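Student: Can you read through this structure? Questions will come right after.
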Amino acid sequence: MSDTQVTDAHGEAIDDDKRDFIFIATGAAAAAGAVSLGWPLVAQMGKAADTLAAGSIEINLANVAEGQQLKMLWRGVPVFVRHRTPAEIAEAENTDISKCPDPQTDNERLVAKPDGTIDPRFLVMVGVCTHFGCIPVGEAGDYDGWYCPCHGSHYDTSGRIRKGPAPKNMTIPDYEYISDTVIKVG
Amino acid sequence: MSGHPSTYEPKYAATKWLDHRLPIIRMGADFMTFPSPRNLNYWYTFGGILTLCLVSQIITGIILAMHYVPHTELAFESVQRIRRDVPFGWLLQPMHAVGASMFFFAVYVHMFRGLYYGSYKAPREVLWIIGCLIYLVMMATGFLGYTLPWGQMSFWGATVITGFFGAVPVVGESLQQWLLGGYAVDNATLNRFFALHYLLPFVIAALVGVHVWALHHVGQNNPIGITPKTKKDTLSFHPYYTVKDAFAVVVFLLIFAFFLFYQPDALGHADNYIEADALKTPPHIVPEWYFLPFYAILRAVPDKLAGILLMLGAIAVLFVLPWLDTSKVRSMRFRPVARGFFWIFLFFCFILGWCGAETPDNMVPFLSVGDKGLNFTWLSRIATFYYFAYFVIILPILGLVEKPKDRPESITKAILGDSSHGAAVPAE
Ligand code: HEM
Ligand code: FES
């Protein structure tokens with residue numbers, strides 16, 4: 001190795017390590033800046049505060065007669081409240097769920113009252129087909145529950161997927177009994 | 001836009017001055033004199049037709065945007081107002097809506113033309129891929145635009161399509177809600193769809209620029225797929241092809257005018273005259289006609305994710321086609337076997353379109369008796385199978401085993417045939 005040094009235009013020695021460091025540090029700062037600016041650009045498309053705050057609705061179950069279904073809009077999606085007939089309840093409870101694509105017992109799909117009892121008459125769920133989001137039609141399909149006209153998914157009287165392209169049971173929203181007959185969704 | 005030596009000579013002091021600083025007139029002049037194969041037929045006029053379609057969509061679109069209101073409560077009414085109350089809105093709104101259909105009709109002709117004459121083969125792979133990209137952005141634009149009038153089909157079509165993203169494992173639901181800006185298709189969705197629908201046509205315009213750049217770099221393919229060898233094999237773009245394109249445009253506009261003035265709603269769906277209702281799904285959701293074949297592929301399999309992957313695959317396969325087709329012979333004119341498979345392919349594309357419009361469980365007329373025989377689900381499975389087989393089995397294998405017909409030496413020989421063997425040509 002010779003001891004001649006590489007110099008710049010002003011005759012000063014060039015320190016390659018220092019240059020590399022400055023280069024990498026500058027690049028890193030620019031990358032961090034780009035990411036921290038890029039994130040807001042992406043995140044702005046998410047749910048806005050007022051959408052998130054759209055919050056909860058209260059439903060009085062006493063208004064839903066046996067064999068009737070209430071459809072309410074909650075956060076832009078329909079919620080079904082079905083007052084099931086004894087025959088429908090029996091059908092939902094006596095299903096061999098081991099054959100279901102998304103096995104769940106009927107009780108797992110219901111929410112208990114504060115005293116721990118379950119009222120199997122009222123099925124509350126998000127009335128959105130888990131395939132591509134159409135609204136299934138009630139009292140229809142091969143399992144007497146719901147039928148989705150979009151691509152032919154059949155749901156039973158517990159809202160479980162039984163046949164067709166939908167992968168999952170209809171979703172049970174977060175809800176609770178705030179009195180014996182009133183529920184609060186969300 | 002390179003490709004041929006420039007013959008432009010600026011005549012005046014001003015044009016000379018400009019030519020030194022920005023050779024923009026030269027660029028236009030070179031474009032007009034671009035040597036094109038002398039044997040181009042009418043299938044080659046669709047590029048020009050497509051350019052016209054894009055310009056028309058942009059002009060009518062900007063006009064619509066002056067009257068349209070992207071709000072869930074006003075959108076439907078504002079489009080009806082355009083049609084009824086805005087001066088000439090009755091003309092301009094259907095020009096945009098029918099124009100979208102005509103645009104897709106033209107792009108399909110253009111693409112099948114490319115498939116038939118082997119326009120995707122070397123050295124035009126990049127040109128072809130840019131075309132596929134344009135098609136992809138067009139599909140996005142068409143889908144976003146269809147949401148804007150906020151009818152029942154708009155709303156439920158948007159729900160189903162954005163539902164595709166929900167099928168992505170793990171992050172699907174968050175991704176979908178991020179796209180929607182909420183839990184369901186709603187005002188936030190409509191607003192961003194409008195913004196993007198306004199943007200994408202300009203992305204298309206930029207891509208078209210690159211598409212034409214690539215075209216002028218490698219030169220045009222032609223119906224016999226033989227590269228022009230001498231000047232005799234080509235003609236100047238103007239006046240030969242400007243006139244030919246213009247004639248084709250007139251015929252195309254006649255068809256356009258027929259739909260525009262006599263059947264403005266024939267290509268749409270009646271349910272889109274019902275305002276969007278988040279509580280009621282129409283009994284039979286169908287996309288616009290130009291998406292039907294893909295919709296049939298989506299529904300051909302009973303699994304949600306598999307259906308989406310297959311549908312995306314149907315488009316993705318176009319991108320890799322240049323490397324799937326192993327034959328060096330471009331034009332199907334010289335590939336008797338491949339040509340047969342091509343026509344079957346076209347036939348099955350129409351079948352897929354038919355399947356997409358029908359209810360999957362319904363029986364196919366002529367191919368079933370009562371509830372015995374073929375239903376539309378099975379018909380779409382067969383057609384889907386052929387669609388993919390054509391690209392990933394038939395074309396790769398045929399290129400290796402098929403014996404192509406003899407090809408003419410040059411375009412001129414192919415056109416003039418024996419007459420080029422006139423007295424002046426020495427005997428071989
Ligand atoms: C690639 C070009 C384009 C395509 C394929 C396209 C397609 C469409 C489609 C299918 C519709 C629905 C029409 C209906 O069913 O009534 C639509 C609506 C609309 N488009 Fe476009 N569009 C394009 C360019 C543009 C541009 C450049 C603008 C400018 C802002 C625009 C603005 C609008 C507006 C405001 C509507 C809603 C009003 C209506 O439905 O007629 N479009 N577009
Ligand atoms: S959306 Fe219900 S079956 Fe497809």
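In the structure tokens, chains take the letters A, B, ... in the order shown, each chain's residues start at 1, and ligands count up from 1 in the order shown.
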Would you name the residues within 9 Å of ligand 2, counting only C-alpha atoms and all ligand atoms, and put them as a VMD selection string?

Tutor: (chain A and resid 128 to 136 147 to 154 164 to 166) or (chain B and resid 159 to 160 163 299 304)

Student: Within region 72-115 of chain A, find each residue whose DSSP state, derived from the backbone, is alpha helix (DSSP H), and express the selection as a ChimeraX atom specification.

Tutor: /A:86-93

Student: How about saving the chosen residues, N, CA and C atoms kept, as a short mmCIF file (atom, residue, chain, number, x, y, z; two decimals), in the first residue's frame?

Tutor:
data_model
loop_
_atom_site.label_atom_id
_atom_site.label_comp_id
_atom_site.auth_asym_id
_atom_site.auth_seq_id
_atom_site.Cartn_x
_atom_site.Cartn_y
_atom_site.Cartn_z
N PRO A 86 -91.15 -22.15 17.51
CA PRO A 86 -90.60 -23.34 18.20
C PRO A 86 -90.03 -24.34 17.20
N ALA A 87 -90.66 -24.48 16.05
CA ALA A 87 -90.16 -25.44 15.06
C ALA A 87 -88.77 -25.02 14.58
N GLU A 88 -88.59 -23.73 14.36
CA GLU A 88 -87.29 -23.25 13.90
C GLU A 88 -86.22 -23.44 14.96
N ILE A 89 -86.61 -23.19 16.22
CA ILE A 89 -85.65 -23.36 17.30
C ILE A 89 -85.23 -24.83 17.39
N ALA A 90 -86.24 -25.72 17.31
CA ALA A 90 -85.93 -27.15 17.38
C ALA A 90 -84.99 -27.54 16.26
N GLU A 91 -85.26 -27.04 15.07
CA GLU A 91 -84.41 -27.37 13.93
C GLU A 91 -82.99 -26.87 14.16
N ALA A 92 -82.87 -25.66 14.70
CA ALA A 92 -81.54 -25.09 14.94
C ALA A 92 -80.78 -25.88 15.98
N GLU A 93 -81.51 -26.36 17.01
CA GLU A 93 -80.83 -27.06 18.10
C GLU A 93 -80.49 -28.49 17.76
#

Student: If you count only C-alpha atoms and all ligand atoms, which residues end up within 7 Å of ligand 1, as a ChimeraX atom specification?

Tutor: /B:54,57-62,64-65,68,79,93-94,96-97,100,103,138,141-143,145-149,197-198,200-202,204,268

Student: Select residues of chain B: the criterion is any atom within 6 Å of an atom of chain A, counting only C-alpha atoms; output as a list in words.

Tutor: Val160, Gly163, Trp178, Gly181, Gly182, Ala184, Thr281, Pro283, Ile285, Pro302, Asp303 and Lys304 of chain B

Student: Go ahead and save the picked residues with N, CA, C and O atoms, as a PDB file, in the first residue's frame.

Tutor:
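Final output, result.pdb:
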ATOM      1  N   VAL B 160     -70.385  -6.374  -3.810  1.00  0.00           N
ATOM      2  CA  VAL B 160     -69.834  -7.684  -4.170  1.00  0.00           C
ATOM      3  C   VAL B 160     -68.352  -7.566  -4.543  1.00  0.00           C
ATOM      4  O   VAL B 160     -67.517  -8.335  -4.083  1.00  0.00           O
ATOM      5  N   GLY B 163     -66.191  -6.882  -1.772  1.00  0.00           N
ATOM      6  CA  GLY B 163     -66.182  -8.106  -0.962  1.00  0.00           C
ATOM      7  C   GLY B 163     -65.032  -9.028  -1.342  1.00  0.00           C
ATOM      8  O   GLY B 163     -64.557  -9.815  -0.521  1.00  0.00           O
ATOM      9  N   TRP B 178     -60.918  -0.638   4.894  1.00  0.00           N
ATOM     10  CA  TRP B 178     -60.045   0.482   4.537  1.00  0.00           C
ATOM     11  C   TRP B 178     -60.443   1.016   3.159  1.00  0.00           C
ATOM     12  O   TRP B 178     -60.517   2.226   2.938  1.00  0.00           O
ATOM     13  N   GLY B 181     -63.799   2.704   3.624  1.00  0.00           N
ATOM     14  CA  GLY B 181     -63.837   3.824   4.556  1.00  0.00           C
ATOM     15  C   GLY B 181     -64.968   3.700   5.541  1.00  0.00           C
ATOM     16  O   GLY B 181     -65.477   4.692   6.059  1.00  0.00           O
ATOM     17  N   GLY B 182     -65.405   2.474   5.799  1.00  0.00           N
ATOM     18  CA  GLY B 182     -66.495   2.247   6.744  1.00  0.00           C
ATOM     19  C   GLY B 182     -66.781   0.764   6.836  1.00  0.00           C
ATOM     20  O   GLY B 182     -66.024  -0.051   6.325  1.00  0.00           O
ATOM     21  N   ALA B 184     -69.505  -0.644   5.591  1.00  0.00           N
ATOM     22  CA  ALA B 184     -70.212  -1.069   4.382  1.00  0.00           C
ATOM     23  C   ALA B 184     -70.042   0.013   3.321  1.00  0.00           C
ATOM     24  O   ALA B 184     -69.523   1.096   3.607  1.00  0.00           O
ATOM     25  N   THR B 281     -81.270  -6.385  -1.276  1.00  0.00           N
ATOM     26  CA  THR B 281     -80.454  -6.835  -2.395  1.00  0.00           C
ATOM     27  C   THR B 281     -81.369  -7.194  -3.555  1.00  0.00           C
ATOM     28  O   THR B 281     -82.353  -7.888  -3.357  1.00  0.00           O
ATOM     29  N   PRO B 283     -82.868  -9.320  -6.543  1.00  0.00           N
ATOM     30  CA  PRO B 283     -82.876 -10.788  -6.608  1.00  0.00           C
ATOM     31  C   PRO B 283     -81.770 -11.355  -7.492  1.00  0.00           C
ATOM     32  O   PRO B 283     -81.351 -12.482  -7.307  1.00  0.00           O
ATOM     33  N   ILE B 285     -78.115 -10.206  -9.067  1.00  0.00           N
ATOM     34  CA  ILE B 285     -77.074  -9.206  -9.306  1.00  0.00           C
ATOM     35  C   ILE B 285     -76.218  -9.607 -10.490  1.00  0.00           C
ATOM     36  O   ILE B 285     -75.685 -10.715 -10.517  1.00  0.00           O
ATOM     37  N   PRO B 302     -67.042 -23.379  -6.066  1.00  0.00           N
ATOM     38  CA  PRO B 302     -67.854 -23.105  -4.887  1.00  0.00           C
ATOM     39  C   PRO B 302     -67.089 -22.409  -3.767  1.00  0.00           C
ATOM     40  O   PRO B 302     -67.667 -22.018  -2.776  1.00  0.00           O
ATOM     41  N   ASP B 303     -65.766 -22.244  -3.902  1.00  0.00           N
ATOM     42  CA  ASP B 303     -64.982 -21.653  -2.818  1.00  0.00           C
ATOM     43  C   ASP B 303     -64.710 -20.181  -3.104  1.00  0.00           C
ATOM     44  O   ASP B 303     -64.322 -19.808  -4.207  1.00  0.00           O
ATOM     45  N   LYS B 304     -64.904 -19.354  -2.080  1.00  0.00           N
ATOM     46  CA  LYS B 304     -64.788 -17.903  -2.252  1.00  0.00           C
ATOM     47  C   LYS B 304     -63.402 -17.477  -2.727  1.00  0.00           C
ATOM     48  O   LYS B 304     -63.251 -16.837  -3.762  1.00  0.00           O
TER      49      LYS B 304
END

Student: Just the number, please: distance in Å from CA of Val171 (chain B) to CA of Ser56 (chain A), one decimal.

Tutor: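 CA of Val171 (chain B) sits 24.9 Å away from CA of Ser56 (chain A).
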
Student: Using only C-alpha atoms, which protein or nucleic acid residues come within 12 Å of region 16-20 of chain A? Drop anything in the same chain fewer than 6 positions from it, and give the result as a list in words.

Tutor: Gln5, Val6, Thr7, Asp8, Thr26 and Gly27 of chain A

Student: Could you write out that same residue set with N, CA and C atoms as a tab-separated table (two decimals), in the first residue's frame?

Tutor:
chain	number	residue	atom	x	y	z
A	5	GLN	N	-2.54	9.85	-0.54
A	5	GLN	CA	-3.96	9.91	-0.18
A	5	GLN	C	-4.77	10.49	-1.32
A	6	VAL	N	-6.03	10.02	-1.43
A	6	VAL	CA	-6.95	10.60	-2.40
A	6	VAL	C	-7.42	11.93	-1.84
A	7	THR	N	-7.32	12.96	-2.67
A	7	THR	CA	-7.73	14.28	-2.18
A	7	THR	C	-8.82	14.85	-3.06
A	8	ASP	N	-9.57	15.78	-2.52
A	8	ASP	CA	-10.62	16.42	-3.31
A	8	ASP	C	-10.08	17.68	-3.98
A	26	THR	N	-28.15	9.98	5.41
A	26	THR	CA	-29.08	10.81	4.64
A	26	THR	C	-30.20	9.96	4.05
A	27	GLY	N	-29.78	8.82	3.49
A	27	GLY	CA	-30.77	7.91	2.90
A	27	GLY	C	-31.77	7.43	3.94

Student: I'd like the neighbourhood of region 105-114 of chain A as a PyMOL selection string, where a residue qualifies if any of its atoms comes within 7 Å (using only C-alpha atoms), though same-chain residues fewer than 4 positions away should be ignored.

Tutor: chain A and resi 92-93+97+118+123+158+172+176-177

Student: Export C-alpha atoms of the chosen residues as a PDB file, in the first residue's frame?

Tutor:
ATOM      1  CA  ALA A  92     -81.539 -25.086  14.938  1.00  0.00           C
ATOM      2  CA  GLU A  93     -80.831 -27.057  18.104  1.00  0.00           C
ATOM      3  CA  ILE A  97     -73.085 -29.464  13.494  1.00  0.00           C
ATOM      4  CA  ILE A 118     -80.642 -17.692  27.212  1.00  0.00           C
ATOM      5  CA  LEU A 123     -81.715 -14.628  16.989  1.00  0.00           C
ATOM      6  CA  SER A 158     -79.536 -20.410  13.312  1.00  0.00           C
ATOM      7  CA  ILE A 172     -73.304 -12.282  15.561  1.00  0.00           C
ATOM      8  CA  GLU A 176     -76.221  -7.210  25.332  1.00  0.00           C
ATOM      9  CA  TYR A 177     -79.565  -7.337  27.118  1.00  0.00           C
TER      10      TYR A 177
END

Student: Do a neighbour search on Asn191 (chain B) at 8 Å with only C-alpha atoms, toss out local chain neighbours closer than 4 positions, and write the hits as a list in words.

Tutor: Pro70, His71, Asn187 and Ala195 of chain B

Student: Can you measure CA of Ile224 (chain B) to CA of Arg333 (chain B) for me? One decimal in Å is fine.

Tutor: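 A separation of 6.7 Å between them.
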
Student: Pick out the residues sitting within 12 Å of Leu312 (chain B), and hand them over as an MDAnalysis selection string; count only C-alpha atoms, and ignore anything fewer than 3 positions along from it in its own chain.

Tutor: chainID B and resid 136 164:165 294:295 297:298 305:309 315:319 388

Student: May I have the selected residues written with N, CA, C and O atoms, as an mmCIF file, in the first residue's frame?

Tutor:
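Below is the file out_35.cif, written as the result:
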data_model
loop_
_atom_site.group_PDB
_atom_site.id
_atom_site.type_symbol
_atom_site.label_atom_id
_atom_site.label_comp_id
_atom_site.auth_asym_id
_atom_site.auth_seq_id
_atom_site.Cartn_x
_atom_site.Cartn_y
_atom_site.Cartn_z
ATOM 1 N N LEU B 136 -56.609 -3.475 -17.585
ATOM 2 C CA LEU B 136 -56.836 -3.589 -16.146
ATOM 3 C C LEU B 136 -57.347 -2.261 -15.568
ATOM 4 O O LEU B 136 -58.331 -2.219 -14.816
ATOM 5 N N PHE B 164 -64.549 -8.928 -2.600
ATOM 6 C CA PHE B 164 -63.413 -9.761 -3.018
ATOM 7 C C PHE B 164 -62.235 -9.562 -2.076
ATOM 8 O O PHE B 164 -61.515 -10.492 -1.750
ATOM 9 N N PHE B 165 -62.036 -8.301 -1.673
ATOM 10 C CA PHE B 165 -60.866 -8.006 -0.850
ATOM 11 C C PHE B 165 -61.008 -8.623 0.529
ATOM 12 O O PHE B 165 -60.027 -8.919 1.191
ATOM 13 N N PHE B 294 -65.834 -12.848 -16.665
ATOM 14 C CA PHE B 294 -65.045 -12.995 -15.440
ATOM 15 C C PHE B 294 -65.939 -13.351 -14.260
ATOM 16 O O PHE B 294 -65.547 -14.101 -13.369
ATOM 17 N N TYR B 295 -67.147 -12.816 -14.280
ATOM 18 C CA TYR B 295 -68.104 -13.123 -13.227
ATOM 19 C C TYR B 295 -68.446 -14.611 -13.263
ATOM 20 O O TYR B 295 -68.568 -15.265 -12.224
ATOM 21 N N ILE B 297 -66.485 -16.997 -14.319
ATOM 22 C CA ILE B 297 -65.321 -17.731 -13.809
ATOM 23 C C ILE B 297 -65.316 -17.681 -12.280
ATOM 24 O O ILE B 297 -65.077 -18.677 -11.603
ATOM 25 N N LEU B 298 -65.629 -16.503 -11.736
ATOM 26 C CA LEU B 298 -65.690 -16.338 -10.281
ATOM 27 C C LEU B 298 -66.671 -17.319 -9.648
ATOM 28 O O LEU B 298 -66.408 -17.909 -8.604
ATOM 29 N N LEU B 305 -62.360 -17.871 -1.968
ATOM 30 C CA LEU B 305 -61.009 -17.440 -2.319
ATOM 31 C C LEU B 305 -60.567 -18.028 -3.650
ATOM 32 O O LEU B 305 -59.991 -17.336 -4.495
ATOM 33 N N ALA B 306 -60.869 -19.312 -3.860
ATOM 34 C CA ALA B 306 -60.477 -19.963 -5.117
ATOM 35 C C ALA B 306 -61.130 -19.264 -6.305
ATOM 36 O O ALA B 306 -60.503 -19.077 -7.352
ATOM 37 N N GLY B 307 -62.387 -18.865 -6.137
ATOM 38 C CA GLY B 307 -63.094 -18.178 -7.212
ATOM 39 C C GLY B 307 -62.393 -16.886 -7.597
ATOM 40 O O GLY B 307 -62.203 -16.583 -8.777
ATOM 41 N N ILE B 308 -61.995 -16.134 -6.574
ATOM 42 C CA ILE B 308 -61.330 -14.859 -6.849
ATOM 43 C C ILE B 308 -59.982 -15.089 -7.515
ATOM 44 O O ILE B 308 -59.618 -14.415 -8.478
ATOM 45 N N LEU B 309 -59.237 -16.062 -6.993
ATOM 46 C CA LEU B 309 -57.915 -16.325 -7.565
ATOM 47 C C LEU B 309 -58.032 -16.742 -9.026
ATOM 48 O O LEU B 309 -57.237 -16.330 -9.872
ATOM 49 N N ILE B 315 -57.015 -12.974 -15.889
ATOM 50 C CA ILE B 315 -56.417 -11.756 -16.435
ATOM 51 C C ILE B 315 -54.892 -11.870 -16.394
ATOM 52 O O ILE B 315 -54.200 -11.500 -17.330
ATOM 53 N N ALA B 316 -54.385 -12.434 -15.283
ATOM 54 C CA ALA B 316 -52.934 -12.548 -15.126
ATOM 55 C C ALA B 316 -52.316 -13.365 -16.251
ATOM 56 O O ALA B 316 -51.214 -13.075 -16.719
ATOM 57 N N VAL B 317 -53.043 -14.378 -16.714
ATOM 58 C CA VAL B 317 -52.482 -15.274 -17.727
ATOM 59 C C VAL B 317 -52.188 -14.498 -19.017
ATOM 60 O O VAL B 317 -51.261 -14.833 -19.755
ATOM 61 N N LEU B 318 -52.935 -13.414 -19.243
ATOM 62 C CA LEU B 318 -52.682 -12.614 -20.447
ATOM 63 C C LEU B 318 -51.296 -11.970 -20.402
ATOM 64 O O LEU B 318 -50.634 -11.827 -21.419
ATOM 65 N N PHE B 319 -50.891 -11.595 -19.187
ATOM 66 C CA PHE B 319 -49.599 -10.930 -19.039
ATOM 67 C C PHE B 319 -48.429 -11.848 -19.398
ATOM 68 O O PHE B 319 -47.404 -11.394 -19.870
ATOM 69 N N PHE B 388 -58.559 -21.577 -19.596
ATOM 70 C CA PHE B 388 -57.196 -21.721 -19.079
ATOM 71 C C PHE B 388 -56.382 -22.712 -19.904
ATOM 72 O O PHE B 388 -55.195 -22.507 -20.130
#

Student: Going by DSSP on the backbone, which residues of region 178-385 of chain B come out as strand (DSSP E or B)? List them as an NGL selection string.

Tutor: :B and (234-236 or 275 or 363-369 or 372-375)

Student: What separation in Å, quoted to one decimal, exists between CA of Arg84 (chain A) and CA of Gly159 (chain A)?

Tutor: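 Straight-line distance from CA of Arg84 (chain A) to CA of Gly159 (chain A) works out to 11.5 Å.
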